[in-house]
$ cat structure-v9.txt   # compact mmCIF, C-alpha atoms and all ligand atoms
# COMPACT_ATOMS: atom_id res chain seq x y z
CA MET C 25 -48.13 -24.86 60.92
CA ALA C 26 -47.77 -21.91 63.26
CA ASN C 27 -47.17 -24.42 66.01
CA HIS C 28 -43.52 -24.68 65.12
CA MET C 29 -43.00 -21.27 66.55
CA ASN C 30 -45.20 -20.94 69.55
CA ALA C 31 -42.46 -20.86 72.11
CA ALA C 32 -40.22 -18.09 70.80
CA LYS C 33 -41.10 -14.63 72.04
CA HIS C 34 -37.89 -12.68 71.57
CA LYS C 35 -35.65 -12.41 68.61
CA PRO C 36 -33.55 -15.54 68.86
CA ALA C 37 -30.14 -15.58 67.31
CA GLY C 38 -29.53 -17.74 64.28
CA LYS C 39 -33.07 -18.68 63.28
CA SER C 40 -32.62 -19.92 59.76
CA LEU C 41 -34.45 -18.49 56.79
CA LEU C 42 -35.20 -22.02 55.63
CA GLY C 43 -37.32 -22.81 58.70
CA GLY C 44 -39.60 -19.84 58.09
CA ALA C 45 -39.81 -20.50 54.36
CA MET C 46 -40.81 -24.13 55.03
CA ILE C 47 -43.50 -23.04 57.48
CA ILE C 48 -44.99 -20.73 54.85
CA ALA C 49 -44.69 -23.33 52.08
CA GLY C 50 -46.17 -26.02 54.35
CA THR C 51 -49.26 -23.94 55.10
CA THR C 52 -49.68 -22.67 51.56
CA VAL C 53 -49.48 -26.03 49.82
CA GLY C 54 -52.59 -27.93 50.84
CA ALA C 55 -55.91 -29.10 49.59
CA GLY C 56 -56.29 -25.99 47.42
CA MET C 57 -53.72 -27.51 45.10
CA PHE C 58 -56.01 -30.42 44.27
CA SER C 59 -58.73 -28.04 43.13
CA LEU C 60 -56.46 -26.21 40.66
CA PRO C 61 -56.43 -28.66 37.72
CA VAL C 62 -60.17 -29.32 38.10
CA VAL C 63 -61.29 -25.68 38.17
CA GLY C 64 -58.56 -24.77 35.66
CA ALA C 65 -59.65 -27.38 33.11
CA GLY C 66 -61.83 -24.89 31.24
CA MET C 67 -59.14 -22.27 30.67
CA TRP C 68 -56.46 -24.97 30.53
CA PHE C 69 -52.73 -24.63 30.96
CA GLY C 70 -51.62 -21.26 29.60
CA TYR C 71 -54.30 -19.21 31.33
CA SER C 72 -53.93 -21.28 34.51
CA ILE C 73 -50.25 -20.40 34.71
CA LEU C 74 -50.99 -16.72 34.04
CA MET C 75 -53.63 -16.76 36.75
CA LEU C 76 -51.27 -18.40 39.24
CA LEU C 77 -48.60 -15.78 38.57
CA GLY C 78 -51.04 -12.92 39.09
CA ILE C 79 -52.54 -14.42 42.25
CA TRP C 80 -49.14 -15.28 43.65
CA PHE C 81 -48.10 -11.63 43.24
CA CYS C 82 -51.24 -10.24 44.88
CA MET C 83 -51.13 -12.73 47.76
CA LEU C 84 -47.42 -12.06 48.30
CA MET C 85 -48.14 -8.33 48.42
CA SER C 86 -51.05 -8.72 50.85
CA GLY C 87 -48.84 -10.85 53.13
CA LEU C 88 -46.12 -8.18 53.01
CA LEU C 89 -48.67 -5.44 53.75
CA LEU C 90 -49.75 -7.47 56.77
CA LEU C 91 -46.12 -7.76 57.83
CA GLU C 92 -45.67 -4.00 57.45
CA THR C 93 -48.50 -3.38 59.93
CA ASN C 94 -47.38 -6.16 62.23
CA LEU C 95 -43.89 -4.66 62.55
CA HIS C 96 -45.35 -1.54 64.18
CA PHE C 97 -46.44 -3.75 67.08
CA GLU C 98 -44.64 -5.96 69.55
CA PRO C 99 -43.77 -9.48 68.34
CA GLY C 100 -46.59 -11.75 69.48
CA ALA C 101 -49.36 -9.28 68.59
CA SER C 102 -52.10 -11.27 66.89
CA PHE C 103 -54.44 -10.52 64.01
CA ASP C 104 -56.98 -9.51 66.61
CA THR C 105 -54.73 -6.84 68.15
CA LEU C 106 -53.61 -5.51 64.78
CA SER C 107 -57.12 -5.09 63.39
CA LYS C 108 -58.44 -3.58 66.62
CA GLN C 109 -55.61 -1.06 66.91
CA THR C 110 -55.59 0.05 63.29
CA LEU C 111 -59.16 -0.30 62.03
CA GLY C 112 -61.28 -0.47 65.19
CA GLN C 113 -63.93 -2.71 66.65
CA PHE C 114 -66.06 -3.24 63.52
CA TRP C 115 -63.22 -4.62 61.42
CA ARG C 116 -61.92 -6.56 64.36
CA ILE C 117 -65.17 -8.49 64.49
CA VAL C 118 -65.44 -8.91 60.70
CA ASN C 119 -61.86 -10.14 60.68
CA GLY C 120 -62.35 -12.56 63.59
CA VAL C 121 -65.52 -14.05 62.10
CA SER C 122 -63.92 -14.51 58.68
CA ILE C 123 -60.86 -16.24 60.19
CA ALA C 124 -62.99 -18.63 62.23
CA PHE C 125 -65.14 -19.32 59.18
CA VAL C 126 -62.12 -20.14 56.99
CA LEU C 127 -60.66 -22.46 59.61
CA TYR C 128 -63.95 -24.32 60.08
CA ILE C 129 -64.76 -24.64 56.40
CA LEU C 130 -61.22 -25.75 55.56
CA THR C 131 -61.47 -28.42 58.28
CA TYR C 132 -64.60 -29.67 56.55
CA ALA C 133 -62.90 -29.46 53.12
CA TYR C 134 -60.00 -31.53 54.45
CA ILE C 135 -62.36 -34.14 55.91
CA SER C 136 -64.15 -34.35 52.56
CA GLY C 137 -60.90 -34.46 50.55
CA GLY C 138 -59.29 -36.77 53.13
CA GLY C 139 -62.27 -39.15 53.02
CA SER C 140 -62.09 -39.20 49.25
CA ILE C 141 -58.38 -39.94 49.11
CA VAL C 142 -58.42 -42.44 51.99
CA ASN C 143 -61.20 -44.21 50.14
CA HIS C 144 -59.21 -44.23 46.92
CA SER C 145 -56.24 -45.69 48.85
CA LEU C 146 -58.37 -48.36 50.53
CA GLN C 147 -59.88 -49.37 47.19
CA GLY C 148 -56.33 -49.96 46.01
CA MET C 149 -56.02 -52.47 48.86
CA GLY C 150 -59.34 -54.06 48.02
CA ILE C 151 -61.31 -52.49 50.89
CA GLU C 152 -64.65 -50.86 50.07
CA LEU C 153 -66.09 -48.24 52.46
CA PRO C 154 -68.69 -45.53 52.02
CA GLN C 155 -66.80 -42.28 51.52
CA SER C 156 -68.43 -40.60 54.51
CA VAL C 157 -67.11 -43.37 56.77
CA ALA C 158 -63.63 -42.96 55.29
CA GLY C 159 -63.91 -39.23 56.12
CA LEU C 160 -64.89 -40.11 59.68
CA VAL C 161 -61.87 -42.40 60.10
CA PHE C 162 -59.59 -39.72 58.66
CA ALA C 163 -61.02 -37.08 61.03
CA ILE C 164 -60.87 -39.28 64.16
CA VAL C 165 -57.28 -40.37 63.63
CA LEU C 166 -55.98 -36.84 63.00
CA ALA C 167 -58.16 -35.20 65.63
CA SER C 168 -56.70 -37.51 68.28
CA ILE C 169 -53.23 -36.25 67.40
CA VAL C 170 -54.37 -32.65 67.92
CA LEU C 171 -56.05 -33.68 71.16
CA ILE C 172 -52.86 -35.25 72.52
CA SER C 173 -50.71 -32.11 72.26
CA THR C 174 -49.29 -29.33 70.16
CA LYS C 175 -45.98 -31.09 70.35
CA ALA C 176 -47.43 -34.24 68.82
CA VAL C 177 -48.78 -32.19 65.91
CA ASP C 178 -45.45 -30.46 65.49
CA ARG C 179 -43.50 -33.74 65.34
CA ILE C 180 -45.92 -35.47 63.05
CA THR C 181 -46.26 -32.57 60.61
CA THR C 182 -42.48 -32.35 60.34
CA ILE C 183 -42.32 -36.03 59.41
CA MET C 184 -45.22 -35.58 56.98
CA LEU C 185 -43.56 -32.61 55.31
CA GLY C 186 -40.45 -34.72 54.70
CA GLY C 187 -42.61 -37.52 53.31
CA MET C 188 -44.45 -35.09 51.06
CA ILE C 189 -41.29 -33.73 49.50
CA ILE C 190 -39.96 -37.21 48.74
CA THR C 191 -43.22 -38.65 47.40
CA PHE C 192 -44.00 -35.47 45.40
CA PHE C 193 -40.75 -35.59 43.51
CA LEU C 194 -40.90 -39.33 42.90
CA ALA C 195 -44.48 -39.36 41.63
CA ILE C 196 -44.59 -35.98 39.91
CA GLY C 197 -41.07 -36.37 38.52
CA ASN C 198 -42.26 -39.43 36.69
CA LEU C 199 -45.46 -37.77 35.50
CA LEU C 200 -43.43 -34.79 34.30
CA ILE C 201 -41.26 -37.07 32.18
CA GLU C 202 -44.30 -38.75 30.68
CA ILE C 203 -46.20 -35.61 29.71
CA ASP C 204 -47.70 -35.25 26.29
CA VAL C 205 -46.96 -31.74 25.01
CA THR C 206 -49.91 -31.83 22.63
CA LYS C 207 -52.29 -32.39 25.53
CA LEU C 208 -50.74 -29.44 27.31
CA LEU C 209 -50.58 -26.94 24.48
CA GLU C 210 -53.24 -28.07 22.02
CA PRO C 211 -56.02 -29.29 24.28
CA ASP C 212 -59.11 -31.04 22.99
CA GLY C 213 -62.66 -30.13 23.97
CA ASN C 214 -64.49 -26.94 23.11
CA ASN C 215 -62.71 -23.89 21.72
CA SER C 216 -63.42 -21.45 24.48
CA PHE C 217 -60.79 -20.90 27.19
CA SER C 218 -60.43 -17.44 28.74
CA PRO C 219 -64.09 -17.07 29.92
CA TYR C 220 -63.48 -19.88 32.42
CA LEU C 221 -60.82 -17.86 34.23
CA TRP C 222 -63.23 -15.95 36.43
CA ALA C 223 -64.83 -18.88 38.18
CA ALA C 224 -61.36 -20.28 38.93
CA LEU C 225 -59.99 -17.15 40.65
CA PRO C 226 -61.31 -17.98 44.17
CA PHE C 227 -59.59 -21.38 44.08
CA GLY C 228 -56.29 -19.76 43.14
CA LEU C 229 -56.70 -17.34 46.02
CA ALA C 230 -57.40 -20.12 48.52
CA SER C 231 -54.37 -22.06 47.28
CA PHE C 232 -52.09 -19.16 48.10
CA GLY C 233 -53.48 -18.53 51.60
CA TYR C 234 -50.90 -18.59 54.41
CA HIS C 235 -51.56 -15.23 56.09
CA GLY C 236 -52.39 -16.60 59.51
CA ASN C 237 -48.71 -17.41 59.81
CA VAL C 238 -47.40 -13.89 59.30
CA PRO C 239 -47.91 -12.82 62.95
CA SER C 240 -46.36 -16.13 63.98
CA LEU C 241 -43.28 -15.40 61.88
CA VAL C 242 -42.91 -12.01 63.58
CA LYS C 243 -43.16 -13.75 66.93
CA TYR C 244 -40.56 -16.28 65.78
CA TYR C 245 -37.98 -13.99 64.17
CA GLY C 246 -38.67 -10.78 66.13
CA LYS C 247 -38.50 -7.57 64.12
CA ASP C 248 -35.99 -8.93 61.66
CA SER C 249 -37.94 -7.72 58.63
CA THR C 250 -35.38 -8.76 56.00
CA THR C 251 -35.47 -12.42 57.01
CA ILE C 252 -39.27 -12.48 57.29
CA ILE C 253 -39.69 -10.89 53.85
CA LYS C 254 -37.34 -13.48 52.37
CA ALA C 255 -39.15 -16.31 54.18
CA ILE C 256 -42.53 -15.19 52.80
CA PHE C 257 -41.10 -14.70 49.32
CA VAL C 258 -39.28 -18.04 49.23
CA GLY C 259 -42.15 -19.97 50.87
CA THR C 260 -44.81 -18.69 48.46
CA PHE C 261 -42.42 -19.09 45.52
CA ILE C 262 -41.91 -22.76 46.43
CA ALA C 263 -45.71 -23.13 46.37
CA LEU C 264 -45.86 -21.42 42.95
CA VAL C 265 -43.26 -23.82 41.53
CA ILE C 266 -45.03 -26.85 43.04
CA TYR C 267 -48.38 -25.73 41.58
CA ALA C 268 -46.86 -25.12 38.16
CA CYS C 269 -45.29 -28.62 38.17
CA TRP C 270 -48.59 -30.05 39.37
CA LEU C 271 -50.48 -28.42 36.49
CA VAL C 272 -47.94 -29.68 33.96
CA ALA C 273 -48.17 -33.18 35.45
CA THR C 274 -51.98 -33.30 35.51
CA MET C 275 -52.82 -31.42 32.31
CA GLY C 276 -49.96 -33.04 30.43
CA ASN C 277 -51.36 -36.49 31.23
CA ILE C 278 -55.14 -36.17 31.50
CA PRO C 279 -56.87 -34.88 28.34
CA ARG C 280 -59.03 -31.77 28.77
CA SER C 281 -62.18 -33.59 27.70
CA GLN C 282 -61.68 -36.19 30.46
CA PHE C 283 -61.95 -33.45 33.07
CA ILE C 284 -65.64 -33.16 32.20
CA ASP C 285 -66.03 -36.61 33.68
CA ILE C 286 -63.92 -35.73 36.75
CA ILE C 287 -66.04 -32.62 37.33
CA ALA C 288 -69.25 -34.60 36.87
CA GLN C 289 -68.08 -36.93 39.64
CA GLY C 290 -67.71 -33.99 42.03
CA GLY C 291 -64.07 -33.12 41.30
CA ASN C 292 -62.93 -34.44 44.68
CA MET C 293 -59.32 -35.40 45.37
CA GLY C 294 -59.77 -39.15 45.02
CA VAL C 295 -61.36 -38.81 41.57
CA LEU C 296 -58.51 -36.64 40.26
CA VAL C 297 -55.81 -38.87 41.72
CA GLY C 298 -57.71 -41.88 40.35
CA ALA C 299 -57.63 -40.39 36.83
CA LEU C 300 -53.89 -39.76 37.15
CA SER C 301 -53.30 -43.28 38.46
CA GLU C 302 -54.75 -44.68 35.26
CA VAL C 303 -52.04 -43.07 33.16
CA MET C 304 -49.15 -43.96 35.48
CA ALA C 305 -46.97 -46.74 34.26
CA SER C 306 -45.86 -48.27 37.53
CA SER C 307 -48.04 -49.21 40.44
CA TRP C 308 -45.24 -48.27 42.80
CA LEU C 309 -45.22 -44.66 41.56
CA ASN C 310 -48.96 -44.74 41.73
CA SER C 311 -48.72 -45.53 45.45
CA MET C 312 -46.28 -42.63 45.84
CA LEU C 313 -48.80 -40.25 44.28
CA THR C 314 -51.59 -41.51 46.53
CA LEU C 315 -49.35 -41.31 49.56
CA PHE C 316 -48.41 -37.74 48.63
CA ALA C 317 -52.07 -36.73 48.37
CA ASN C 318 -52.82 -38.32 51.76
CA LEU C 319 -49.91 -36.56 53.40
CA ALA C 320 -50.70 -33.20 51.82
CA VAL C 321 -54.26 -33.15 53.06
CA ALA C 322 -53.38 -34.65 56.45
CA SER C 323 -50.64 -32.11 57.17
CA SER C 324 -52.92 -29.23 56.18
CA PHE C 325 -55.62 -30.67 58.40
CA LEU C 326 -53.25 -30.73 61.35
CA GLY C 327 -51.96 -27.20 60.70
CA VAL C 328 -55.41 -25.68 60.26
CA THR C 329 -57.20 -27.54 63.06
CA LEU C 330 -54.46 -26.74 65.54
CA GLY C 331 -55.02 -23.07 64.74
CA LEU C 332 -58.78 -23.53 65.15
CA PHE C 333 -58.27 -25.52 68.37
CA ASP C 334 -56.18 -22.76 69.98
CA TYR C 335 -58.54 -20.07 68.70
CA LEU C 336 -61.63 -21.78 70.15
CA ALA C 337 -59.93 -22.63 73.46
CA ASP C 338 -59.14 -18.94 73.82
CA LEU C 339 -62.61 -17.83 72.70
CA PHE C 340 -64.51 -20.12 75.09
CA GLY C 341 -61.94 -19.95 77.87
CA PHE C 342 -61.33 -23.74 77.97
CA ASP C 343 -58.10 -24.54 79.82
CA ASP C 344 -55.33 -26.94 78.90
CA SER C 345 -56.39 -29.69 81.32
CA ARG C 346 -57.56 -33.04 80.02
CA SER C 347 -61.24 -32.09 80.28
CA GLY C 348 -60.59 -28.61 78.89
CA ARG C 349 -58.85 -30.04 75.83
CA MET C 350 -61.65 -32.56 75.41
CA LYS C 351 -64.24 -29.76 75.35
CA THR C 352 -62.17 -27.75 72.89
CA ALA C 353 -61.76 -30.83 70.70
CA LEU C 354 -65.53 -31.34 70.65
CA VAL C 355 -66.29 -27.82 69.41
CA THR C 356 -63.39 -27.98 66.97
CA PHE C 357 -64.03 -31.32 65.32
CA VAL C 358 -67.65 -32.31 65.77
CA PRO C 359 -69.33 -29.68 63.53
CA PRO C 360 -67.07 -30.18 60.48
CA THR C 361 -67.13 -33.97 60.93
CA ILE C 362 -70.92 -34.04 60.98
CA LEU C 363 -70.91 -31.91 57.84
CA GLY C 364 -68.44 -34.38 56.33
CA LEU C 365 -70.79 -37.29 57.11
CA LEU C 366 -73.78 -35.49 55.63
CA PHE C 367 -72.06 -34.06 52.57
CA PRO C 368 -68.99 -36.17 51.83
CA ASP C 369 -68.39 -34.51 48.45
CA GLY C 370 -68.49 -30.82 49.22
CA PHE C 371 -64.74 -30.42 48.76
CA LEU C 372 -64.79 -27.91 45.89
CA VAL C 373 -67.70 -25.93 47.28
CA ALA C 374 -65.92 -25.64 50.62
CA ILE C 375 -62.66 -24.44 49.09
CA GLY C 376 -64.67 -21.80 47.21
CA PHE C 377 -66.29 -20.55 50.42
CA ALA C 378 -62.94 -20.58 52.22
CA ALA C 379 -61.68 -18.30 49.45
CA LEU C 380 -64.61 -15.93 49.89
CA ALA C 381 -63.86 -15.47 53.58
CA ALA C 382 -60.11 -15.37 52.92
CA THR C 383 -60.59 -12.38 50.60
CA VAL C 384 -61.60 -10.50 53.74
CA TRP C 385 -58.90 -11.34 56.27
CA ALA C 386 -56.03 -12.37 54.02
CA VAL C 387 -56.40 -9.71 51.31
CA ILE C 388 -58.66 -6.74 52.01
CA VAL C 389 -58.06 -6.29 55.75
CA PRO C 390 -54.22 -6.46 55.45
CA ALA C 391 -54.34 -3.81 52.70
CA LEU C 392 -56.62 -1.53 54.73
CA MET C 393 -54.52 -2.01 57.85
CA ALA C 394 -51.35 -1.01 56.01
CA TYR C 395 -53.10 2.08 54.62
CA LYS C 396 -54.23 3.05 58.11
CA SER C 397 -50.93 2.29 59.79
CA ARG C 398 -49.11 4.57 57.32
CA GLN C 399 -51.33 7.35 58.66
CA LEU C 400 -50.89 6.30 62.28
CA PHE C 401 -47.10 6.00 62.05
CA PRO C 402 -46.14 8.54 59.35
CA ASP C 403 -42.57 8.92 60.63
CA SER C 404 -41.79 5.24 60.76
CA THR C 405 -38.51 4.33 59.08
CA GLY C 406 -39.31 0.61 59.17
CA PHE C 407 -40.25 -1.69 56.31
CA ARG C 408 -42.74 -0.31 53.81
CA VAL C 409 -44.09 -2.28 50.84
CA ILE C 410 -43.26 -0.67 47.49
CA GLY C 411 -45.94 0.78 45.24
CA GLY C 412 -47.55 3.23 47.66
CA THR C 413 -51.31 3.64 47.71
CA PRO C 414 -51.79 2.35 44.11
CA LEU C 415 -50.50 -1.07 45.20
CA ILE C 416 -52.89 -1.07 48.16
CA ILE C 417 -55.75 -0.27 45.79
CA LEU C 418 -54.68 -3.06 43.46
CA VAL C 419 -54.69 -5.59 46.31
CA VAL C 420 -58.12 -4.46 47.55
CA LEU C 421 -59.52 -4.66 44.01
CA PHE C 422 -58.09 -8.14 43.61
CA GLY C 423 -59.90 -9.17 46.80
CA ILE C 424 -63.20 -7.61 45.77
CA VAL C 425 -63.14 -9.03 42.23
CA THR C 426 -62.28 -12.54 43.49
CA GLY C 427 -65.01 -12.44 46.14
CA ALA C 428 -67.50 -11.23 43.54
CA CYS C 429 -66.46 -14.05 41.20
CA HIS C 430 -67.22 -16.60 43.89
CA LEU C 431 -70.69 -15.16 44.45
CA LEU C 432 -71.41 -14.93 40.72
CA ALA C 433 -70.22 -18.49 40.19
CA MET C 434 -72.47 -19.70 43.01
CA ALA C 435 -75.39 -17.97 41.29
CA ASN C 436 -74.45 -19.72 38.04
CA LEU C 437 -73.72 -16.39 36.38
CA LEU C 438 -70.19 -17.28 35.30
CA PRO C 439 -69.22 -19.76 32.58
CA GLN C 440 -68.12 -23.05 34.17
CA TYR C 441 -66.56 -25.94 32.32
CA SER C 442 -68.71 -29.02 32.43
N1 LIG U 501 -53.56 -22.59 51.14
C1 LIG U 501 -54.27 -23.58 51.91
C2 LIG U 501 -55.56 -23.06 52.46
C3 LIG U 501 -55.44 -21.83 53.33
C4 LIG U 501 -56.19 -20.72 53.03
C5 LIG U 501 -56.11 -19.57 53.79
C6 LIG U 501 -55.25 -19.56 54.88
C7 LIG U 501 -54.52 -20.68 55.21
C8 LIG U 501 -54.62 -21.82 54.42
C9 LIG U 501 -54.57 -24.80 51.05
O1 LIG U 501 -54.32 -24.82 49.87
O2 LIG U 501 -55.08 -25.78 51.52
$ encode --input "structure-v9.txt" --output "C-alpha cells" --more "lines below"
Ligand SMILES: N[C@@H](Cc1ccccc1)C(=O)O
Amino acid sequence: MANHMNAAKHKPAGKSLLGGAMIIAGTTVGAGMFSLPVVGAGMWFGYSILMLLGIWFCMLMSGLLLLETNLHFEPGASFDTLSKQTLGQFWRIVNGVSIAFVLYILTYAYISGGGSIVNHSLQGMGIELPQSVAGLVFAIVLASIVLISTKAVDRITTIMLGGMIITFFLAIGNLLIEIDVTKLLEPDGNNSFSPYLWAALPFGLASFGYHGNVPSLVKYYGKDSTTIIKAIFVGTFIALVIYACWLVATMGNIPRSQFIDIIAQGGNMGVLVGALSEVMASSWLNSMLTLFANLAVASSFLGVTLGLFDYLADLFGFDDSRSGRMKTALVTFVPPTILGLLFPDGFLVAIGFAALAATVWAVIVPALMAYKSRQLFPDSTGFRVIGGTPLIILVVLFGIVTGACHLLAMANLLPQYS
C-alpha cells in the first residue's frame, strides 16, 4: 500500500503515526494469514504462537536494519539505490530479481486465493463456476482498478481496509467466543507436534513481509526515525495480534484431525473458510467472515500489483499515457492470470515460493546492507539497531534456515502434516 505516500517528498509536518502503522499493517496482513492455520495444523496452537513470536521479532529487526541503511540516504532512495550503493552491482541484481519474483508470485497467489474465495462466496448464492473462471473474474475486476489510476487504488484500498477491520471483529469476535479450549490445548490426531514446525517457517516469514514499504515510509515521514520505528513496530504488532486471534479462532473451532481433509483439498482459502463456516452459528456472521476473506485478499492484490505495475513501467520504460498503462497492465497481469487459469489451486505453493525469495530481499539483504553501511558511515550518530553484529548474524541465519526449510520441504525431506 505504498501508494498512500507517493506524493510526499519532504518531511511534512504533522504526519500521524497511525497512518504509517496502518500502511504497514495493511501490507503485512494478507493472504499469508490464510496459510497459517493450514501449515500450522501439524504443530498446532502452542508451537504456532511460539513460531509467530520468533518470526515477528526477526522480521521486525530486518525491517529496522533496512531503515537504518535507508536513513543514510536521501528520502525517496529506493531498494535499488540502497543495494547498489552499499553492496554493489551483484547484490543489486539479486535483490531486484527477488523483489520482482515475489511480486509476481504473490499476484498469482492472490488470484488463486481470490478465485477460491470468490467461488466459495458464489456457491453461497447458489452460483456454480469453475474455480479458474472465478480467479479470472477476480483478476479482471481488480486489474481494471489498477489500470484506471493509482488514486483509484488508494481510495478503494482505504475503503477495503475499513471494511476488513469491521468484518474481522464481527466474524472473529464471534468465533473467539465460541472456541472450544480442549480443541485448542488438547488437540486430537497424532501425537507428534514440534517436527512440523520447520515446514511452516516459510509461511510465517511470508506473512510478516512488508519490507517494500520501508523506503516509502522514509519518503513519507522524512528522516524522522522515531516515528518510523514506532510505525513499523505498531504495524507489525497489529499483524501479530490479528494472526494470534486468527489462530485461536480457527484452531479453537476446527479440530486438528479435520485439517487433514482441508490439506487434502489443497488448503486454499475457500476450503478453510468453508470449514469455519460450518461451525458458525449464524449465516449473517458467516457472510461477514467470507466478506473479510474477500477484502483481505483483494486489498493485498491491489497493494502488491500496484507495486509490480510501477516497477515494470519503470523497467520497460512504459509511460503513463493510456497506451503506456495498457502495455504495463498486460505485462503485469497476463502472466499471473494465465498461471491462475492453468493451476487454480497453487495458493500454498506460491506463498512458499514468495517466502523463499523474500528471505533474500526482506531478510538477508537488509542485514548485509546494515553491516556494510556501519562500515561506510562509522561516524554516523543516527539510528542504529541494538544488538550489534550478533543481531545481524541472527537475522541472516533466520533467513538462511527459513529458505533451506522451503527447499527441503519441496524435496519432501521435512515432516508435513497430512
Ligand atoms: N505479508 C503479505 C505478503 C508479502 C510478503 C513480502 C512482502 C510484502 C508482502 C501477505 O501475507 O500476504
$ residues_around --input "structure-v9.txt" --residues "Pro99 in chain C" --least-positions-apart "3" --cutoff "8 Å" --atoms "only C-alpha atoms" --output "count of residues only"
10
$ residues_around --input "structure-v9.txt" --residues "Val170 in chain C" --least-positions-apart "2" --cutoff "12 Å" --atoms "only C-alpha atoms" --output "ChimeraX atom specification"
/C:27,163-168,172-181,322-323,325-334,349-350,352-354,356-357
$ residues_near_ligand --input "structure-v9.txt" --ligand "ligand LIG 501 (chain U)" --cutoff "9 Å" --atoms "only C-alpha atoms and all ligand atoms" --output "PyMOL selection string"
chain C and resi 49-59+123+126-127+130+133-134+227-237+320-321+324-325+327-328+375+378-379+381-382+386
$ write_last_selection --input "structure-v9.txt" --atoms "C-alpha atoms" --output "PDB file, in the frame of the given file"
ATOM      1  CA  ALA C  49     -44.690 -23.330  52.080  1.00  0.00           C
ATOM      2  CA  GLY C  50     -46.170 -26.020  54.350  1.00  0.00           C
ATOM      3  CA  THR C  51     -49.260 -23.940  55.100  1.00  0.00           C
ATOM      4  CA  THR C  52     -49.680 -22.670  51.560  1.00  0.00           C
ATOM      5  CA  VAL C  53     -49.480 -26.030  49.820  1.00  0.00           C
ATOM      6  CA  GLY C  54     -52.590 -27.930  50.840  1.00  0.00           C
ATOM      7  CA  ALA C  55     -55.910 -29.100  49.590  1.00  0.00           C
ATOM      8  CA  GLY C  56     -56.290 -25.990  47.420  1.00  0.00           C
ATOM      9  CA  MET C  57     -53.720 -27.510  45.100  1.00  0.00           C
ATOM     10  CA  PHE C  58     -56.010 -30.420  44.270  1.00  0.00           C
ATOM     11  CA  SER C  59     -58.730 -28.040  43.130  1.00  0.00           C
ATOM     12  CA  ILE C 123     -60.860 -16.240  60.190  1.00  0.00           C
ATOM     13  CA  VAL C 126     -62.120 -20.140  56.990  1.00  0.00           C
ATOM     14  CA  LEU C 127     -60.660 -22.460  59.610  1.00  0.00           C
ATOM     15  CA  LEU C 130     -61.220 -25.750  55.560  1.00  0.00           C
ATOM     16  CA  ALA C 133     -62.900 -29.460  53.120  1.00  0.00           C
ATOM     17  CA  TYR C 134     -60.000 -31.530  54.450  1.00  0.00           C
ATOM     18  CA  PHE C 227     -59.590 -21.380  44.080  1.00  0.00           C
ATOM     19  CA  GLY C 228     -56.290 -19.760  43.140  1.00  0.00           C
ATOM     20  CA  LEU C 229     -56.700 -17.340  46.020  1.00  0.00           C
ATOM     21  CA  ALA C 230     -57.400 -20.120  48.520  1.00  0.00           C
ATOM     22  CA  SER C 231     -54.370 -22.060  47.280  1.00  0.00           C
ATOM     23  CA  PHE C 232     -52.090 -19.160  48.100  1.00  0.00           C
ATOM     24  CA  GLY C 233     -53.480 -18.530  51.600  1.00  0.00           C
ATOM     25  CA  TYR C 234     -50.900 -18.590  54.410  1.00  0.00           C
ATOM     26  CA  HIS C 235     -51.560 -15.230  56.090  1.00  0.00           C
ATOM     27  CA  GLY C 236     -52.390 -16.600  59.510  1.00  0.00           C
ATOM     28  CA  ASN C 237     -48.710 -17.410  59.810  1.00  0.00           C
ATOM     29  CA  ALA C 320     -50.700 -33.200  51.820  1.00  0.00           C
ATOM     30  CA  VAL C 321     -54.260 -33.150  53.060  1.00  0.00           C
ATOM     31  CA  SER C 324     -52.920 -29.230  56.180  1.00  0.00           C
ATOM     32  CA  PHE C 325     -55.620 -30.670  58.400  1.00  0.00           C
ATOM     33  CA  GLY C 327     -51.960 -27.200  60.700  1.00  0.00           C
ATOM     34  CA  VAL C 328     -55.410 -25.680  60.260  1.00  0.00           C
ATOM     35  CA  ILE C 375     -62.660 -24.440  49.090  1.00  0.00           C
ATOM     36  CA  ALA C 378     -62.940 -20.580  52.220  1.00  0.00           C
ATOM     37  CA  ALA C 379     -61.680 -18.300  49.450  1.00  0.00           C
ATOM     38  CA  ALA C 381     -63.860 -15.470  53.580  1.00  0.00           C
ATOM     39  CA  ALA C 382     -60.110 -15.370  52.920  1.00  0.00           C
ATOM     40  CA  ALA C 386     -56.030 -12.370  54.020  1.00  0.00           C
TER      41      ALA C 386
END
$ residues_around --input "structure-v9.txt" --residues "Phe371 in chain C" --least-positions-apart "6" --cutoff "7 Å" --atoms "all atoms listed in the file" --output "JSON list (two decimals) with C-alpha atoms, in the frame of the given file"
[["chain", "number", "residue", "atom", "x", "y", "z"],
["C", 133, "ALA", "CA", -62.90, -29.46, 53.12],
["C", 136, "SER", "CA", -64.15, -34.35, 52.56],
["C", 137, "GLY", "CA", -60.90, -34.46, 50.55],
["C", 292, "ASN", "CA", -62.93, -34.44, 44.68]]
$ residues_around --input "structure-v9.txt" --residues "range 316-319 of chain C" --least-positions-apart "2" --cutoff "10 Å" --atoms "all atoms listed in the file" --output "JSON, numbers by chain"
{"C": [54, 55, 57, 58, 137, 138, 139, 140, 141, 142, 144, 145, 162, 181, 183, 184, 185, 186, 187, 188, 189, 190, 191, 192, 193, 194, 195, 196, 293, 294, 297, 310, 311, 312, 313, 314, 321, 322, 323, 324, 325]}
$ atom_distance --input "structure-v9.txt" --atom1 "CA of Ser240 in chain C" --atom2 "CA of Phe103 in chain C"
9.8 Å
$ residues_around --input "structure-v9.txt" --residues "Ser442 in chain C" --least-positions-apart "6" --cutoff "12 Å" --atoms "only C-alpha atoms" --output "PyMOL selection string"
chain C and resi 62-67+213-214+220+280-291
$ residues_near_point --input "structure-v9.txt" --point "(-63.5, -10.4, 42.6)" --cutoff "12 Å" --atoms "only C-alpha atoms" --output "PyMOL selection string"
chain C and resi 79+221-229+379-380+382-384+387-388+418-433
$ closest_residue --input "structure-v9.txt" --among "C:Phe367, C:Cys269, C:Phe217, C:Ala337" --to "Gln440 in chain C" --atoms "only C-alpha atoms"
C:Phe217
